[in-house]
Amino acid sequence: MGFFDRNRRELEKKGYSPERLPPGQYFTERFPVLQAGGVAVYKDLQGWDLKVFGLVGQELTFSYGDLERLAQDEFVTDIHCVTKWSKFDTHWRGVSFNKVLDMARPTPEARTVMFHGEFGYSANISLSDLKSSEGLIALFYEGAPLEPEHGFPARFVFPKLYFWKSTKWLRGIEFISSDEPGFWERNGYHMHGDPWLEQRYSED
Ligand SMILES: Nc1nc2c(c(=O)[nH]1)N[C@H]1C(S)=C(S)[C@@H](COP(=O)(O)O)O[C@H]1N2
Ligand SMILES: [Mo]
């Protein structure tokens, strides 16, 4: 029996249904750290902001304090990384993306949202995905502010798609009219990235 089968057995022994694992994934209790470049570390959050811009009726600029006051939404969810690890029941609290949609009012031309992270990272998610499944601008993980390596002060979390779509050190949310690739999508990853359909690479 290979690693993946053993891993699914182990999962059953722990009382989880292996059905919760998308195809080709294994389960871990660790929280691996993954990023293309360095970890953003802020001395303070004085100059920090999160901008919402592009095809919207109302552009927005949030300070960390603004987001903290709005951070009333939470979910517990499984996350799936394209490098094949999955983690169950992760708890996040922050600002629901629906709240951002209500405040920014995307124009009828808006089709895709580009999430911009520190150091030029970006990830595209279609507006229809964002409207049909929950997304969160997360400030808290398991009740505590995010660790720097997991995206402090704020990261997006969009569990419906592979975890590379969940931009850490989030600084910009841009509404655009056509589906453009973000950082990993330009480097061979799938434009959509549904773990249940194993949309890992552009040719999948
Ligand atoms: N800004 C930024 N966000 C990012 C990345 C990155 O390189 N830069 N990597 C993505 C990838 S590939 C994954 S799997 C997750 C990893 O999140 P974690 O380190 O909290 O597990 O962050 C995503 N968000
Ligand atoms: Mo990833």
# chains A, B, ... in the order shown; residues from 1 in each chain; ligands from 1
$ residues_around --residues "region 192-195 of chain A" --least-positions-apart "3" --cutoff "6 Å" --atoms "only C-alpha atoms" --output "ChimeraX atom specification"
/A:161-162,198-200
$ write_last_selection --atoms "C-alpha atoms" --output "PDB file, in the first residue's frame"
ATOM      1  CA  LEU A 161     -10.317  26.641  -4.767  1.00  0.00           C
ATOM      2  CA  TYR A 162      -6.726  25.449  -4.225  1.00  0.00           C
ATOM      3  CA  GLU A 198      -7.991  18.389  -9.903  1.00  0.00           C
ATOM      4  CA  GLN A 199      -7.446  21.592 -11.871  1.00  0.00           C
ATOM      5  CA  ARG A 200      -3.792  21.865 -10.874  1.00  0.00           C
TER       6      ARG A 200
END
$ residues_around --residues "region 120-125 of chain A" --least-positions-apart "6" --cutoff "7 Å" --atoms "only C-alpha atoms" --output "PyMOL selection string"
chain A and resi 112-114+165+167+180-183
$ closest_atom_pairs --of "chain A" --to "ligand 2" --cutoff "10 Å" --atoms "only C-alpha atoms and all ligand atoms" --output "CSV"
residue,atom,partner,partner_atom_place_in_ligand_line,distance
A:Pro32,CA,ligand 2,1 (Mo),9.5
A:Val33,CA,ligand 2,1 (Mo),8.8
A:Leu34,CA,ligand 2,1 (Mo),6.2
A:Gln35,CA,ligand 2,1 (Mo),7.4
A:Ala36,CA,ligand 2,1 (Mo),9.2
A:His80,CA,ligand 2,1 (Mo),8.3
A:Cys81,CA,ligand 2,1 (Mo),4.7
A:Val82,CA,ligand 2,1 (Mo),5.1
A:Thr83,CA,ligand 2,1 (Mo),5.7
A:Lys84,CA,ligand 2,1 (Mo),8.4
A:Trp85,CA,ligand 2,1 (Mo),8.9
A:Tyr162,CA,ligand 2,1 (Mo),7.2
A:Phe163,CA,ligand 2,1 (Mo),5.6
A:Trp164,CA,ligand 2,1 (Mo),4.5
A:Lys165,CA,ligand 2,1 (Mo),8.3
A:Ser166,CA,ligand 2,1 (Mo),9.1
A:Trp184,CA,ligand 2,1 (Mo),9.1
A:Arg200,CA,ligand 2,1 (Mo),10.0
$ write_last_selection --atoms "N, CA, C and O atoms" --output "PDB file, in the first residue's frame"
ATOM      1  N   PRO A  32       1.695  23.664   6.813  1.00  0.00           N
ATOM      2  CA  PRO A  32       2.864  24.028   6.008  1.00  0.00           C
ATOM      3  C   PRO A  32       2.823  25.503   5.602  1.00  0.00           C
ATOM      4  O   PRO A  32       1.750  26.077   5.476  1.00  0.00           O
ATOM      5  N   VAL A  33       3.997  26.095   5.452  1.00  0.00           N
ATOM      6  CA  VAL A  33       4.110  27.488   5.000  1.00  0.00           C
ATOM      7  C   VAL A  33       4.645  27.474   3.581  1.00  0.00           C
ATOM      8  O   VAL A  33       5.674  26.838   3.315  1.00  0.00           O
ATOM      9  N   LEU A  34       3.943  28.134   2.686  1.00  0.00           N
ATOM     10  CA  LEU A  34       4.364  28.158   1.290  1.00  0.00           C
ATOM     11  C   LEU A  34       4.233  29.547   0.714  1.00  0.00           C
ATOM     12  O   LEU A  34       3.192  30.189   0.862  1.00  0.00           O
ATOM     13  N   GLN A  35       5.288  30.017   0.079  1.00  0.00           N
ATOM     14  CA  GLN A  35       5.174  31.251  -0.694  1.00  0.00           C
ATOM     15  C   GLN A  35       6.284  31.346  -1.700  1.00  0.00           C
ATOM     16  O   GLN A  35       7.304  30.664  -1.569  1.00  0.00           O
ATOM     17  N   ALA A  36       6.064  32.193  -2.698  1.00  0.00           N
ATOM     18  CA  ALA A  36       7.021  32.323  -3.788  1.00  0.00           C
ATOM     19  C   ALA A  36       8.239  33.133  -3.354  1.00  0.00           C
ATOM     20  O   ALA A  36       9.361  32.837  -3.738  1.00  0.00           O
ATOM     21  N   HIS A  80      -7.025  23.036   0.792  1.00  0.00           N
ATOM     22  CA  HIS A  80      -6.356  22.084  -0.089  1.00  0.00           C
ATOM     23  C   HIS A  80      -5.286  22.798  -0.908  1.00  0.00           C
ATOM     24  O   HIS A  80      -5.601  23.695  -1.679  1.00  0.00           O
ATOM     25  N   CYS A  81      -4.037  22.403  -0.705  1.00  0.00           N
ATOM     26  CA  CYS A  81      -2.944  23.029  -1.451  1.00  0.00           C
ATOM     27  C   CYS A  81      -2.629  22.192  -2.678  1.00  0.00           C
ATOM     28  O   CYS A  81      -2.663  20.960  -2.628  1.00  0.00           O
ATOM     29  N   VAL A  82      -2.269  22.852  -3.753  1.00  0.00           N
ATOM     30  CA  VAL A  82      -1.951  22.161  -5.003  1.00  0.00           C
ATOM     31  C   VAL A  82      -0.738  21.240  -4.847  1.00  0.00           C
ATOM     32  O   VAL A  82      -0.582  20.284  -5.584  1.00  0.00           O
ATOM     33  N   THR A  83       0.119  21.504  -3.849  1.00  0.00           N
ATOM     34  CA  THR A  83       1.250  20.601  -3.598  1.00  0.00           C
ATOM     35  C   THR A  83       0.809  19.345  -2.849  1.00  0.00           C
ATOM     36  O   THR A  83       1.637  18.581  -2.371  1.00  0.00           O
ATOM     37  N   LYS A  84      -0.505  19.144  -2.738  1.00  0.00           N
ATOM     38  CA  LYS A  84      -1.142  17.898  -2.314  1.00  0.00           C
ATOM     39  C   LYS A  84      -1.474  17.733  -0.840  1.00  0.00           C
ATOM     40  O   LYS A  84      -2.040  16.728  -0.444  1.00  0.00           O
ATOM     41  N   TRP A  85      -1.147  18.730  -0.005  1.00  0.00           N
ATOM     42  CA  TRP A  85      -1.595  18.577   1.381  1.00  0.00           C
ATOM     43  C   TRP A  85      -2.966  19.223   1.541  1.00  0.00           C
ATOM     44  O   TRP A  85      -3.292  20.219   0.891  1.00  0.00           O
ATOM     45  N   TYR A 162      -8.044  25.748  -4.799  1.00  0.00           N
ATOM     46  CA  TYR A 162      -6.726  25.449  -4.225  1.00  0.00           C
ATOM     47  C   TYR A 162      -6.203  26.676  -3.477  1.00  0.00           C
ATOM     48  O   TYR A 162      -6.476  27.828  -3.836  1.00  0.00           O
ATOM     49  N   PHE A 163      -5.370  26.401  -2.493  1.00  0.00           N
ATOM     50  CA  PHE A 163      -4.975  27.430  -1.530  1.00  0.00           C
ATOM     51  C   PHE A 163      -4.074  28.518  -2.133  1.00  0.00           C
ATOM     52  O   PHE A 163      -3.863  29.548  -1.518  1.00  0.00           O
ATOM     53  N   TRP A 164      -3.531  28.293  -3.332  1.00  0.00           N
ATOM     54  CA  TRP A 164      -2.714  29.379  -3.902  1.00  0.00           C
ATOM     55  C   TRP A 164      -3.595  30.587  -4.232  1.00  0.00           C
ATOM     56  O   TRP A 164      -3.100  31.708  -4.382  1.00  0.00           O
ATOM     57  N   LYS A 165      -4.923  30.366  -4.359  1.00  0.00           N
ATOM     58  CA  LYS A 165      -5.847  31.482  -4.632  1.00  0.00           C
ATOM     59  C   LYS A 165      -6.060  32.347  -3.392  1.00  0.00           C
ATOM     60  O   LYS A 165      -6.679  33.401  -3.469  1.00  0.00           O
ATOM     61  N   SER A 166      -5.589  31.874  -2.241  1.00  0.00           N
ATOM     62  CA  SER A 166      -5.797  32.577  -0.967  1.00  0.00           C
ATOM     63  C   SER A 166      -4.576  33.437  -0.656  1.00  0.00           C
ATOM     64  O   SER A 166      -3.655  33.026   0.054  1.00  0.00           O
ATOM     65  N   TRP A 184       0.707  32.631 -10.117  1.00  0.00           N
ATOM     66  CA  TRP A 184       0.902  31.203 -10.391  1.00  0.00           C
ATOM     67  C   TRP A 184       0.236  30.783 -11.693  1.00  0.00           C
ATOM     68  O   TRP A 184       0.693  29.852 -12.366  1.00  0.00           O
ATOM     69  N   ARG A 200      -5.068  21.416 -11.430  1.00  0.00           N
ATOM     70  CA  ARG A 200      -3.792  21.865 -10.874  1.00  0.00           C
ATOM     71  C   ARG A 200      -3.026  22.730 -11.857  1.00  0.00           C
ATOM     72  O   ARG A 200      -2.636  23.855 -11.558  1.00  0.00           O
TER      73      ARG A 200
END
$ select_by_dssp --residues "region 2-60 of chain A" --states "strand (DSSP E)" --output "JSON list (two decimals) with C-alpha atoms, in the first residue's frame"
[["chain", "number", "residue", "atom", "x", "y", "z"],
["A", 26, "TYR", "CA", -3.22, 13.69, 1.53],
["A", 27, "PHE", "CA", -4.21, 14.84, 4.99],
["A", 50, "LEU", "CA", -6.03, 47.45, 1.83],
["A", 51, "LYS", "CA", -7.41, 49.02, -1.34],
["A", 52, "VAL", "CA", -10.49, 47.95, -3.29],
["A", 53, "PHE", "CA", -10.41, 49.41, -6.80],
["A", 54, "GLY", "CA", -11.08, 48.94, -10.50],
["A", 60, "LEU", "CA", -12.41, 51.70, -0.74]]
$ atom_distance --atom1 "CA of Ser128 (chain A)" --atom2 "CA of Ala110 (chain A)"
10.1 Å
$ select_by_dssp --residues "region 129-195 of chain A" --states "helix (DSSP H, G or I)" --output "list in words"
Asp129, Leu130, Lys131, Ser132, Pro148, Glu149, His150, Phe163, Trp164, Lys165, Phe183, Trp184, Glu185, Arg186 and Pro195 of chain A
$ residues_around --residues "Ser133 (chain A)" --least-positions-apart "5" --cutoff "10 Å" --atoms "only C-alpha atoms" --output "list in words"
Phe97, Asn98, Ser128, Phe158, Pro159, Lys160 and Leu161 of chain A
$ residues_around --residues "Leu70 (chain A)" --least-positions-apart "2" --cutoff "9 Å" --atoms "only C-alpha atoms" --output "PyMOL selection string"
chain A and resi 65-68+72-73+94-96+99
$ closest_residue --among "A:Glu134, A:Phe156, A:Ser86, A:Arg171" --to "Gly47 (chain A)" --atoms "only C-alpha atoms"
A:Arg171
$ closest_residue --among "A:Leu21, A:Met103, A:Leu130, A:Leu146" --to "Thr61 (chain A)" --atoms "only C-alpha atoms"
A:Met103
$ closest_residue --among "A:Met191, A:Lys87, A:Lys13, A:Ala104" --to "Gln25 (chain A)" --atoms "only C-alpha atoms"
A:Lys87
$ residues_around --residues "Thr77 (chain A)" --least-positions-apart "6" --cutoff "7 Å" --atoms "only C-alpha atoms" --output "short mmCIF file (atom, residue, chain, number, x, y, z; two decimals) with all heavy atoms, in the first residue's frame"
data_model
loop_
_atom_site.label_atom_id
_atom_site.label_comp_id
_atom_site.auth_asym_id
_atom_site.auth_seq_id
_atom_site.Cartn_x
_atom_site.Cartn_y
_atom_site.Cartn_z
N PHE A 88 -7.81 19.94 7.65
CA PHE A 88 -9.23 19.99 7.96
C PHE A 88 -9.55 20.98 9.08
O PHE A 88 -8.73 21.22 9.96
CB PHE A 88 -9.73 18.61 8.39
CG PHE A 88 -9.77 17.60 7.27
CD1 PHE A 88 -9.96 16.26 7.53
CD2 PHE A 88 -9.63 17.99 5.94
CE1 PHE A 88 -10.02 15.32 6.52
CE2 PHE A 88 -9.68 17.07 4.91
CZ PHE A 88 -9.86 15.73 5.20
N ASP A 89 -10.78 21.50 9.03
CA ASP A 89 -11.34 22.26 10.15
C ASP A 89 -10.48 23.44 10.58
O ASP A 89 -10.26 23.65 11.77
CB ASP A 89 -11.58 21.33 11.36
CG ASP A 89 -12.55 20.21 11.04
OD1 ASP A 89 -13.51 20.46 10.29
OD2 ASP A 89 -12.34 19.07 11.53
N THR A 90 -10.00 24.20 9.62
CA THR A 90 -9.26 25.41 9.98
C THR A 90 -10.26 26.52 10.25
O THR A 90 -11.25 26.67 9.54
CB THR A 90 -8.29 25.84 8.86
OG1 THR A 90 -9.04 26.16 7.68
CG2 THR A 90 -7.30 24.73 8.55
N HIS A 91 -10.01 27.30 11.30
CA HIS A 91 -10.97 28.31 11.75
C HIS A 91 -10.42 29.72 11.47
O HIS A 91 -9.34 30.07 11.93
CB HIS A 91 -11.21 28.10 13.27
CG HIS A 91 -12.11 29.13 13.87
ND1 HIS A 91 -12.20 29.34 15.21
CD2 HIS A 91 -12.97 30.01 13.30
CE1 HIS A 91 -13.08 30.32 15.45
NE2 HIS A 91 -13.55 30.74 14.31
N PRO A 159 -11.78 28.84 0.33
CA PRO A 159 -11.58 27.39 0.42
C PRO A 159 -12.09 26.58 -0.76
O PRO A 159 -11.66 25.45 -0.95
CB PRO A 159 -12.33 27.00 1.69
CG PRO A 159 -12.92 28.22 2.27
CD PRO A 159 -12.61 29.38 1.42
#
$ closest_residue --among "A:Arg93, A:Leu45, A:Tyr64, A:Arg9" --to "Gly135 (chain A)" --atoms "only C-alpha atoms"
A:Arg93
$ closest_residue --among "A:Ile137, A:Val100, A:Ile176, A:Val157" --to "ligand 1" --atoms "only C-alpha atoms and all ligand atoms"
A:Val157
$ residues_around --residues "Ala154 (chain A)" --least-positions-apart "2" --cutoff "6 Å" --atoms "only C-alpha atoms" --output "list in words"
Ala138, Leu139, Gly151, Phe152, Trp169 and Leu170 of chain A
$ write_last_selection --atoms "N, CA, C and O atoms" --output "CSV table (one decimal), in the first residue's frame"
chain,number,residue,atom,x,y,z
A,138,ALA,N,-9.3,37.3,6.0
A,138,ALA,CA,-9.1,36.8,7.3
A,138,ALA,C,-8.0,37.6,8.0
A,138,ALA,O,-6.9,37.9,7.5
A,139,LEU,N,-8.3,38.0,9.3
A,139,LEU,CA,-7.4,38.6,10.2
A,139,LEU,C,-6.9,37.7,11.3
A,139,LEU,O,-5.9,37.9,11.9
A,151,GLY,N,0.4,35.2,6.7
A,151,GLY,CA,-0.2,36.4,6.0
A,151,GLY,C,-0.5,37.6,6.8
A,151,GLY,O,-1.2,38.5,6.3
A,152,PHE,N,0.0,37.7,8.0
A,152,PHE,CA,-0.4,38.9,8.8
A,152,PHE,C,0.0,40.2,8.1
A,152,PHE,O,1.0,40.3,7.4
A,169,TRP,N,-0.7,38.4,2.9
A,169,TRP,CA,-0.3,39.8,2.9
A,169,TRP,C,-1.0,40.6,1.8
A,169,TRP,O,-0.5,41.3,1.0
A,170,LEU,N,-2.3,40.5,1.9
A,170,LEU,CA,-3.2,41.1,1.0
A,170,LEU,C,-3.2,42.6,1.0
A,170,LEU,O,-3.2,43.2,2.1
$ residues_around --residues "Arg8 (chain A)" --least-positions-apart "4" --cutoff "12 Å" --atoms "only C-alpha atoms" --output "PyMOL selection string"
chain A and resi 1-4+12-28+86
$ closest_residue --among "A:Glu59, A:Asp78, A:Glu109, A:Glu149" --to "ligand 1" --atoms "only C-alpha atoms and all ligand atoms"
A:Glu149
